[in-house]
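*Asks:* This is the structure I want to talk about, given as structure tokens.
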Amino acid sequence: MKKELFRSLILFLFICSTSQAAVVDTVDTYSAVMKKTFKTVVIKPDNYASLSELPVVYLLHGHGGNYANWVKNAAGFQKAADFHNILIVCPDGGIGSWYWDSSVDPQSQYETYIAKELVAFVDSKYKTIKSPKGRGITGLSMGGHGALYLALRHQDIFGAAGSMSGGVDIRPFPNNWDMAKKLGKYADQPERWEQNTVINMLHLLTPNALAIIIDCGTDDFFIRVNENLHEQLMYRNIPHDYIVRPGAHNWNYWTNAVQYQLLFMSNYFSKK
């Protein structure tokens, strides 16, 4: 397995050194539930015109970010669209939505927007595989939480899910990252916090129902909650890939990690 991964990464580096260049578009997408237009980055392989149906990876940003974060801060990663023949979609998840449908803020309905409205838009405008077998979702930090949260709740939409440095258990951080603005204060709304944290949603999984990859650096402040998630998945006999290596909560780590995530997704899409 390690040899296959190494060969794939070497081939990817070779592709990156050739003249192929993924096409990066920024498009307007409309959310009816929020009555608002959002920018979205869509990355197509260079040979898109000659291809038929393509799998899609939805790539989520972290807290304080936006739709353009990945292409601005992880330069070169988009070439994976050429290497794997996939579409990569980078939505706007708001500054601190955590990708929930907020019961507090009616203008923060990002679960519905991403999992339903945006997926429907992408499927209507691009040559996509319109089933969970052709859709994956991953992200960093807040987006790592969001990717797992959305995939667990919408297994009819996403077949593969990943997380990089994800905030996969929100409860240790009740005063951080605007979460109380979306759920209410933990002290006042403990049930909402318990129900909307990824680590408490594993009852929604059955073995092999969802392909899962989790990645976190040893110096990341989210390492402990990721270790706990890994242990809980192991306890429940839920197959998953779990990657831990030196690194912190920064773009140096994520620029590397996203290549493993996209390779994992590509391998999932290639299964017969």
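Convention: chains lettered A, B, ... in structure tokens order; per-chain residue numbering from 1; ligands numbered from 1 as shown.
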Near Ala209 of chain A, within 12 Å and counting only C-alpha atoms, which residues show up once chain neighbours fewer than 5 positions away are dropped, as JSON, numbers by chain?
*Replies:* {"A": [132, 133, 151, 152, 154, 155, 156, 157, 158, 159, 160, 161, 202, 203, 204, 237, 238, 239, 240]}
*Asks:* For the structure I just gave you, how does DSSP split segment 111-241 of chain A - specifically, which residues are strand (DSSP E or B)? Reply as a count of residues only.
*Replies:* 20
*Asks:* Using only C-alpha atoms, determine which residues lie at most 7 Å from segment 139-144 of chain A, disregarding the query and same-chain residues fewer than 2 positions distant; provide the list as a PyMOL selection string.
*Replies:* chain A and resi 59-63+98+146-148+162-167
*Asks:* Can I get the selected residues back with C-alpha atoms, as an mmCIF file, in the first residue's frame?
*Replies:*
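Now in again.cif:
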```
data_model
loop_
_atom_site.group_PDB
_atom_site.id
_atom_site.type_symbol
_atom_site.label_atom_id
_atom_site.label_comp_id
_atom_site.auth_asym_id
_atom_site.auth_seq_id
_atom_site.Cartn_x
_atom_site.Cartn_y
_atom_site.Cartn_z
ATOM 1 C CA LEU A 59 -13.168 21.251 -0.759
ATOM 2 C CA LEU A 60 -14.140 23.388 2.238
ATOM 3 C CA HIS A 61 -12.216 26.266 3.811
ATOM 4 C CA GLY A 62 -11.645 27.010 7.485
ATOM 5 C CA HIS A 63 -12.876 29.660 9.910
ATOM 6 C CA TRP A 98 -19.220 25.597 10.712
ATOM 7 C CA GLY A 146 -18.002 20.565 8.017
ATOM 8 C CA ALA A 147 -17.015 17.872 5.537
ATOM 9 C CA LEU A 148 -17.542 15.036 8.003
ATOM 10 C CA GLY A 162 -12.168 13.649 4.662
ATOM 11 C CA SER A 163 -10.846 16.043 7.252
ATOM 12 C CA MET A 164 -7.565 17.926 7.598
ATOM 13 C CA SER A 165 -6.860 19.352 11.063
ATOM 14 C CA GLY A 166 -10.591 19.200 11.664
ATOM 15 C CA GLY A 167 -12.448 20.522 14.683
#
```
*Asks:* In terms of the shortest atom-to-atom distance over only C-alpha atoms, which of A:Phe269, A:Arg236, A:Ser102, A:Cys216 is closest to Trp193 of chain A?
*Replies:*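 Ranked by minimum distance to Trp193 of chain A, first place goes to A:Ser102.
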*Asks:* Between A:Tyr235, A:Tyr67, A:Tyr126, A:Phe222, which one has atoms that come closest to Ile170 of chain A, using only C-alpha atoms?
*Replies:*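 Once distances to Ile170 of chain A are computed over only C-alpha atoms, the minimum belongs to A:Phe222.
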*Asks:* With distances taken over only C-alpha atoms, which residue among A:Ile243, A:Pro106, A:Ser31, A:Glu53 lies nearest Lys125 of chain A?
*Replies:*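 Selected residue with least distance to Lys125 of chain A: A:Glu53.
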*Asks:* Atom CA of Gly184 of chain A to atom CA of Tyr99 of chain A: how many Å, to one decimal?
*Replies:*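 Computing it gives 15.1 Å between the two atoms.
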*Asks:* Could you list, as an NGL selection string, every residue within 12 Å of Pro172 of chain A, counting only C-alpha atoms and ignoring same-chain residues fewer than 4 positions away?
*Replies:* :A and (167-168 or 176-177 or 179 or 186 or 193-194 or 197 or 199 or 221-222 or 224-225)
*Asks:* Which one is closest to Glu111 of chain A: A:Asn73, A:Asn196, A:Asn226, A:Thr29? Count only C-alpha atoms.
*Replies:*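 Using only C-alpha atoms, the shortest distance to Glu111 of chain A belongs to A:Asn196.
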*Asks:* Go through A:Tyr30, A:Phe121, A:Phe173, A:Phe264 one by one, measure the shortest atom-to-atom distance of each to Gly136 of chain A using only C-alpha atoms, and give the residue with the smallest value.
*Replies:*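 With only C-alpha atoms as the atom set, the closest residue is A:Phe264.
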*Asks:* Could you list, as a list in words, every residue within 7 Å of Gly247 of chain A, counting only C-alpha atoms and ignoring same-chain residues fewer than 4 positions away?
*Replies:*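 Those residues are Gly217, Thr218, Asp219, Asp220 and Tyr253 of chain A.
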*Asks:* Please produce an output containing C-alpha atoms for each residue in the selection, written as an mmCIF file, in the first residue's frame.
*Replies:*
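The resulting again36.cif:
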```
data_model
loop_
_atom_site.group_PDB
_atom_site.id
_atom_site.type_symbol
_atom_site.label_atom_id
_atom_site.label_comp_id
_atom_site.auth_asym_id
_atom_site.auth_seq_id
_atom_site.Cartn_x
_atom_site.Cartn_y
_atom_site.Cartn_z
ATOM 1 C CA GLY A 217 -0.510 17.169 12.614
ATOM 2 C CA THR A 218 1.106 16.284 15.910
ATOM 3 C CA ASP A 219 1.542 19.972 16.828
ATOM 4 C CA ASP A 220 -2.037 20.905 15.987
ATOM 5 C CA TYR A 253 0.552 21.325 6.455
#
```
*Asks:* Extract, using only C-alpha atoms, all DNA, RNA and protein residues at most 10 Å from Asn256 of chain A, discarding same-chain residues fewer than 5 positions from it, and format them as a PyMOL selection string.
*Replies:* chain A and resi 74+77+251+261
*Asks:* Smallest atom-to-atom distance to Lys39 of chain A: which of A:Ala257, A:Leu118, A:Ile213, A:Leu54, using only C-alpha atoms?
*Replies:*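 Among the listed residues, A:Leu118 lies closest to Lys39 of chain A.
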*Asks:* Which residues, written as a ChimeraX atom specification, have at least one atom at most 12 Å from Val23 of chain A, with only C-alpha atoms counted and residues fewer than 2 positions away on the same chain left out?
*Replies:* /A:20-21,25-26,41-49,71,76,78-82,85-89
*Asks:* As a ChimeraX atom specification, please: every residue in segment 17-226 of chain A that DSSP puts in alpha helix (DSSP H).
*Replies:* /A:69-73,80-84,110-112,119-125,142-153,179-183,190-195,223-226
*Asks:* One decimal, in Å: what's the spacing between atom CA of Gly65 of chain A and atom CA of Ile95 of chain A?
*Replies:*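 Computing it gives 5.8 Å between the two atoms.
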*Asks:* For atom CA of Ala75 of chain A and atom CA of Lys271 of chain A, quote the distance in Å rounded to one decimal.
*Replies:* 28.9 Å
